[in-house]
>>> print(open('structure24.txt').read())   # compact mmCIF, C-alpha atoms
# COMPACT_ATOMS: atom_id res chain seq x y z
CA MET A 1427 28.39 118.18 216.84
CA LYS A 1428 26.85 120.91 214.75
CA LYS A 1429 23.06 120.90 214.46
CA VAL A 1430 21.59 120.83 210.97
CA PHE A 1431 18.46 122.90 210.55
CA TRP A 1432 15.92 122.20 207.81
CA GLY A 1433 16.34 125.75 206.57
CA SER A 1434 20.12 125.54 206.27
CA ARG A 1435 21.71 125.70 202.81
CA PRO A 1436 23.13 122.11 202.85
CA CYS A 1437 19.76 120.78 203.97
CA ARG A 1438 17.94 122.75 201.26
CA LYS A 1439 20.36 121.34 198.67
CA PHE A 1440 19.67 117.82 199.93
CA LEU A 1441 15.92 118.40 199.86
CA ALA A 1442 16.13 119.88 196.36
CA ALA A 1443 18.14 116.87 195.15
CA SER A 1444 15.65 114.51 196.78
CA ALA A 1445 12.75 116.39 195.22
CA LEU A 1446 14.46 116.12 191.84
CA ALA A 1447 14.66 112.36 192.20
CA LEU A 1448 11.02 112.13 193.26
CA PHE A 1449 9.56 114.58 190.77
CA ALA A 1450 11.65 113.44 187.81
CA GLN A 1451 9.36 110.44 187.44
CA SER A 1452 6.20 112.54 187.43
CA GLY A 1453 7.53 115.09 184.96
CA CYS A 1454 7.42 118.04 187.32
CA LEU A 1455 9.43 120.97 185.98
CA TRP A 1456 12.86 119.72 187.00
CA ALA A 1457 11.74 120.26 190.61
CA PHE A 1458 12.90 123.86 190.19
CA ASP A 1459 9.51 125.02 191.29
CA PRO A 1460 7.86 122.60 193.75
CA GLY A 1461 4.60 124.49 193.24
CA MET A 1462 4.45 123.46 189.58
CA PRO A 1463 1.73 120.95 188.76
CA PRO A 1464 2.74 117.59 187.30
CA LEU A 1465 3.28 117.76 183.56
CA GLU A 1466 -0.02 116.13 182.57
CA GLU A 1467 -1.99 118.48 184.85
CA SER A 1468 -0.35 121.70 183.68
CA PHE A 1469 -2.10 124.33 181.59
CA ALA A 1470 0.75 124.11 179.07
CA TYR A 1471 0.16 120.37 178.57
CA GLN A 1472 -3.60 120.82 178.25
CA GLN A 1473 -3.02 123.37 175.48
CA PHE A 1474 -0.37 121.17 173.88
CA SER A 1475 -2.71 118.17 173.76
CA LYS A 1476 -5.25 120.26 171.79
CA ARG A 1477 -2.71 121.13 169.08
CA VAL A 1478 -1.54 119.06 166.15
CA TYR A 1479 1.62 117.26 167.28
CA ASN A 1480 4.72 118.56 165.52
CA ASP A 1481 8.09 120.06 166.41
CA LEU A 1482 6.70 123.59 166.58
CA SER A 1483 3.93 122.57 169.00
CA VAL A 1484 6.57 120.95 171.23
CA LEU A 1485 8.58 124.18 171.33
CA ILE A 1486 5.46 126.19 172.13
CA TYR A 1487 4.69 123.72 174.93
CA LEU A 1488 8.18 124.22 176.42
CA ILE A 1489 7.75 127.99 176.39
CA ASP A 1490 4.26 127.77 177.94
CA ARG A 1491 5.47 125.32 180.59
CA PHE A 1492 8.25 127.60 181.74
CA LYS A 1493 5.98 130.63 181.68
CA GLU A 1494 4.12 129.06 184.63
CA ALA A 1495 7.29 128.55 186.70
CA ARG A 1496 8.65 130.73 189.48
CA ILE A 1497 12.14 130.85 188.02
CA LYS A 1498 14.45 133.52 186.66
CA ILE A 1499 16.44 133.44 183.46
CA ASN A 1500 19.99 134.81 183.46
CA TYR A 1501 20.59 135.98 179.91
CA ASP A 1502 23.83 137.85 179.24
CA GLY A 1503 24.11 138.73 182.93
CA ASN A 1504 20.58 140.13 183.19
CA TYR A 1505 17.80 138.43 185.13
CA PHE A 1506 14.31 138.07 183.70
CA GLU A 1507 11.15 136.60 185.19
CA ALA A 1508 9.96 133.46 183.42
CA SER A 1509 6.77 135.10 182.15
CA LEU A 1510 8.68 137.91 180.42
CA ALA A 1511 11.29 135.51 179.04
CA ALA A 1512 8.51 133.27 177.71
CA ASN A 1513 6.86 136.16 175.87
CA VAL A 1514 10.18 137.11 174.27
CA ALA A 1515 10.87 133.45 173.44
CA LYS A 1516 7.52 133.13 171.62
CA TRP A 1517 8.25 136.26 169.64
CA PHE A 1518 11.74 134.97 168.79
CA LEU A 1519 10.32 131.56 167.83
CA LYS A 1520 7.85 133.24 165.50
CA LEU A 1521 10.66 135.17 163.79
CA ARG A 1522 13.35 132.49 163.63
CA TYR A 1523 11.71 129.06 163.48
CA SER A 1524 12.49 127.25 160.24
CA GLY A 1525 11.55 123.62 160.83
CA GLU A 1526 14.25 122.54 163.30
CA THR A 1527 13.61 119.73 165.74
CA PRO A 1528 13.21 120.79 169.38
CA GLU A 1529 16.66 119.34 170.14
CA GLN A 1530 18.24 121.39 167.35
CA TRP A 1531 16.40 124.53 168.43
CA ILE A 1532 17.49 124.11 172.06
CA ARG A 1533 21.13 123.59 171.04
CA ARG A 1534 21.10 126.53 168.63
CA TRP A 1535 19.09 129.18 170.46
CA CYS A 1536 18.64 128.16 174.11
CA ASP A 1537 22.22 127.37 175.13
CA THR A 1538 24.08 130.66 174.80
CA GLY A 1539 23.19 134.30 174.23
CA VAL A 1540 22.82 135.26 170.58
CA VAL A 1541 25.23 138.22 170.71
CA SER A 1542 27.50 137.53 173.69
CA GLY A 1543 27.78 133.76 173.48
CA LYS A 1544 27.45 133.54 177.29
CA THR A 1545 25.68 130.51 178.75
CA ILE A 1546 21.99 131.05 179.53
CA TRP A 1547 21.18 130.01 183.11
CA VAL A 1548 17.95 129.20 184.94
CA GLN A 1549 17.74 130.17 188.62
CA ASP A 1550 15.30 128.38 190.89
CA ALA A 1551 13.50 129.70 193.96
CA TYR A 1552 16.40 128.52 196.16
CA GLY A 1553 18.99 130.49 194.19
CA GLU A 1554 20.48 127.40 192.52
CA PHE A 1555 21.46 127.53 188.85
CA LYS A 1556 21.29 125.07 185.98
CA MET A 1557 22.06 125.57 182.30
CA SER A 1558 18.92 126.37 180.32
CA ARG A 1559 19.82 123.75 177.71
CA GLU A 1560 19.77 121.04 180.39
CA VAL A 1561 16.49 122.23 181.91
CA LEU A 1562 14.77 122.36 178.52
CA SER A 1563 16.20 118.99 177.46
CA ASP A 1564 14.96 117.43 180.71
CA GLU A 1565 11.47 118.84 180.21
CA LEU A 1566 11.49 117.65 176.60
CA ARG A 1567 12.38 114.16 177.81
CA PHE A 1568 9.51 114.28 180.36
CA LEU A 1569 7.10 115.37 177.61
CA LYS A 1570 8.15 112.49 175.36
CA ALA A 1571 7.72 110.03 178.25
CA ALA A 1572 4.25 111.42 179.01
CA ARG A 1573 3.23 111.07 175.35
CA ALA A 1574 4.51 107.49 175.32
CA ARG A 1575 2.47 106.71 178.45
CA MET A 1576 -0.64 108.22 176.87
CA GLN A 1577 -0.20 106.16 173.70
CA THR A 1578 0.06 102.78 175.43
CA PRO A 1579 -2.93 100.40 175.18
CA ALA A 1580 -3.41 100.51 178.96
CA ALA A 1581 -3.77 104.29 178.84
CA SER A 1582 -6.38 104.14 176.08
CA VAL A 1583 -8.39 101.51 178.00
CA LYS A 1584 -8.17 103.63 181.13
CA ALA A 1585 -9.36 106.66 179.16
CA GLY A 1586 -12.27 104.65 177.80
CA THR A 1587 -11.08 104.65 174.20
CA GLY A 1588 -9.53 101.19 174.10
CA VAL A 1589 -11.08 97.84 173.45
>>> encode(input="structure24.txt", output="structure tokens")
Amino acid sequence: MKKVFWGSRPCRKFLAASALALFAQSGCLWAFDPGMPPLEESFAYQQFSKRVYNDLSVLIYLIDRFKEARIKINYDGNYFEASLAANVAKWFLKLRYSGETPEQWIRRWCDTGVVSGKTIWVQDAYGEFKMSREVLSDELRFLKAARARMQTPAASVKAGTGV
């Protein structure tokens, strides 16, 4: 019988899948970066909660959230660190945003390369890939769930603002 070491590729895949299941509930960045703070504790969320809530602020949150991650973006076959990609994404958002919902923006601009039409991929610290559209959609879903939790009566009582 072959021994399975914790550092082996199949074991890392299992651990990554397990982490995804565990962290998905807390809103951690798709468990791509286990060092990422939970959504509500992230710098991106703190900044987001200070802004007026609208579709543009959600897109800025997504960019800020990924800027903190230790991931790489594969865009048209070239790899970019998340911080560089986030800076370019903010610039592109400033130039091209025209009132789309976050879902529309993700489908239009974050799925495939503008010129080549190749799928944009996100690479995690383990070398695994996922389509950027899926990663962003997952994080958007986590953000909406966090906002819903914060708007419940129990959350406002806990925060000291409820009756």
>>> atom_distance(input="structure24.txt", atom1="atom CA of Tyr1505 of chain A", atom2="atom CA of Phe1474 of chain A")
27.5 Å
>>> closest_residue(input="structure24.txt", among="A:Gln1530, A:Asp1490, A:Ser1524, A:Asn1504", to="Leu1465 of chain A", atoms="all atoms listed in the file")
A:Asp1490
>>> atom_distance(input="structure24.txt", atom1="atom CA of Val1478 of chain A", atom2="atom CA of Met1462 of chain A")
24.6 Å
>>> residues_around(input="structure24.txt", residues="Ser1563 of chain A", least_positions_apart="6", cutoff="9 Å", atoms="all atoms listed in the file", output="VMD selection string")
chain A and resid 1528 to 1529 1532
>>> atom_distance(input="structure24.txt", atom1="atom CA of Tyr1523 of chain A", atom2="atom CA of Ala1574 of chain A")
25.6 Å
>>> closest_residue(input="structure24.txt", among="A:Tyr1487, A:Ile1499, A:Arg1477, A:Lys1516", to="Gly1553 of chain A", atoms="only C-alpha atoms")
A:Ile1499
>>> closest_residue(input="structure24.txt", among="A:Lys1544, A:Phe1492, A:Met1576, A:Ala1508", to="Leu1562 of chain A", atoms="all atoms listed in the file")
A:Phe1492
>>> axis_aligned_box(input="structure24.txt", around="segment 1532-1547 of chain A", padding_each_side="5 Å", output="JSON")
{"center_x": 22.6, "center_y": 130.9, "center_z": 175.9, "size_x": 20.3, "size_y": 24.6, "size_z": 24.5}
>>> residues_around(input="structure24.txt", residues="Glu1560 of chain A", least_positions_apart="4", cutoff="12 Å", atoms="all atoms listed in the file", output="short mmCIF file (atom, residue, chain, number, x, y, z; two decimals) with C-alpha atoms, in the coordinates of the input")
data_model
loop_
_atom_site.label_atom_id
_atom_site.label_comp_id
_atom_site.auth_asym_id
_atom_site.auth_seq_id
_atom_site.Cartn_x
_atom_site.Cartn_y
_atom_site.Cartn_z
CA LEU A 1455 9.43 120.97 185.98
CA TRP A 1456 12.86 119.72 187.00
CA GLU A 1529 16.66 119.34 170.14
CA ILE A 1532 17.49 124.11 172.06
CA ARG A 1533 21.13 123.59 171.04
CA CYS A 1536 18.64 128.16 174.11
CA ASP A 1537 22.22 127.37 175.13
CA THR A 1538 24.08 130.66 174.80
CA THR A 1545 25.68 130.51 178.75
CA ILE A 1546 21.99 131.05 179.53
CA TRP A 1547 21.18 130.01 183.11
CA VAL A 1548 17.95 129.20 184.94
CA PHE A 1555 21.46 127.53 188.85
CA LYS A 1556 21.29 125.07 185.98
CA ASP A 1564 14.96 117.43 180.71
CA GLU A 1565 11.47 118.84 180.21
CA LEU A 1566 11.49 117.65 176.60
CA ARG A 1567 12.38 114.16 177.81
#
>>> build_atoms(input="structure24.txt", residues="segment 1472-1491 of chain A", atoms="N, CA and C atoms", output="mmCIF file, keeping the file's coordinate frame")
data_model
loop_
_atom_site.group_PDB
_atom_site.id
_atom_site.type_symbol
_atom_site.label_atom_id
_atom_site.label_comp_id
_atom_site.auth_asym_id
_atom_site.auth_seq_id
_atom_site.Cartn_x
_atom_site.Cartn_y
_atom_site.Cartn_z
ATOM 1 N N GLN A 1472 -2.213 120.849 178.731
ATOM 2 C CA GLN A 1472 -3.600 120.820 178.250
ATOM 3 C C GLN A 1472 -3.699 121.524 176.896
ATOM 4 N N GLN A 1473 -3.025 122.659 176.766
ATOM 5 C CA GLN A 1473 -3.020 123.370 175.480
ATOM 6 C C GLN A 1473 -2.278 122.567 174.420
ATOM 7 N N PHE A 1474 -1.169 121.968 174.801
ATOM 8 C CA PHE A 1474 -0.370 121.170 173.880
ATOM 9 C C PHE A 1474 -1.178 119.991 173.331
ATOM 10 N N SER A 1475 -1.947 119.351 174.191
ATOM 11 C CA SER A 1475 -2.710 118.170 173.760
ATOM 12 C C SER A 1475 -3.842 118.538 172.799
ATOM 13 N N LYS A 1476 -4.214 119.812 172.726
ATOM 14 C CA LYS A 1476 -5.250 120.260 171.790
ATOM 15 C C LYS A 1476 -4.675 120.581 170.408
ATOM 16 N N ARG A 1477 -3.351 120.756 170.347
ATOM 17 C CA ARG A 1477 -2.710 121.130 169.080
ATOM 18 C C ARG A 1477 -2.330 119.892 168.284
ATOM 19 N N VAL A 1478 -2.105 120.101 167.003
ATOM 20 C CA VAL A 1478 -1.540 119.060 166.150
ATOM 21 C C VAL A 1478 -0.111 118.828 166.642
ATOM 22 N N TYR A 1479 0.274 117.556 166.781
ATOM 23 C CA TYR A 1479 1.620 117.260 167.280
ATOM 24 C C TYR A 1479 2.645 117.450 166.173
ATOM 25 N N ASN A 1480 3.575 118.364 166.410
ATOM 26 C CA ASN A 1480 4.720 118.560 165.520
ATOM 27 C C ASN A 1480 5.815 119.253 166.329
ATOM 28 N N ASP A 1481 6.953 119.476 165.695
ATOM 29 C CA ASP A 1481 8.090 120.060 166.410
ATOM 30 C C ASP A 1481 7.777 121.467 166.922
ATOM 31 N N LEU A 1482 7.052 122.245 166.150
ATOM 32 C CA LEU A 1482 6.700 123.590 166.580
ATOM 33 C C LEU A 1482 5.796 123.556 167.811
ATOM 34 N N SER A 1483 4.823 122.650 167.838
ATOM 35 C CA SER A 1483 3.930 122.570 169.000
ATOM 36 C C SER A 1483 4.696 122.148 170.252
ATOM 37 N N VAL A 1484 5.733 121.343 170.093
ATOM 38 C CA VAL A 1484 6.570 120.950 171.230
ATOM 39 C C VAL A 1484 7.318 122.170 171.774
ATOM 40 N N LEU A 1485 7.867 122.982 170.891
ATOM 41 C CA LEU A 1485 8.580 124.180 171.330
ATOM 42 C C LEU A 1485 7.645 125.168 172.020
ATOM 43 N N ILE A 1486 6.438 125.317 171.492
ATOM 44 C CA ILE A 1486 5.460 126.190 172.130
ATOM 45 C C ILE A 1486 5.100 125.646 173.511
ATOM 46 N N TYR A 1487 4.955 124.331 173.624
ATOM 47 C CA TYR A 1487 4.690 123.720 174.930
ATOM 48 C C TYR A 1487 5.799 124.078 175.922
ATOM 49 N N LEU A 1488 7.060 123.928 175.515
ATOM 50 C CA LEU A 1488 8.180 124.220 176.420
ATOM 51 C C LEU A 1488 8.133 125.664 176.903
ATOM 52 N N ILE A 1489 7.841 126.577 176.002
ATOM 53 C CA ILE A 1489 7.750 127.990 176.390
ATOM 54 C C ILE A 1489 6.596 128.191 177.365
ATOM 55 N N ASP A 1490 5.425 127.630 177.057
ATOM 56 C CA ASP A 1490 4.260 127.770 177.940
ATOM 57 C C ASP A 1490 4.510 127.140 179.303
ATOM 58 N N ARG A 1491 5.184 126.022 179.330
ATOM 59 C CA ARG A 1491 5.470 125.320 180.590
ATOM 60 C C ARG A 1491 6.345 126.174 181.488
#
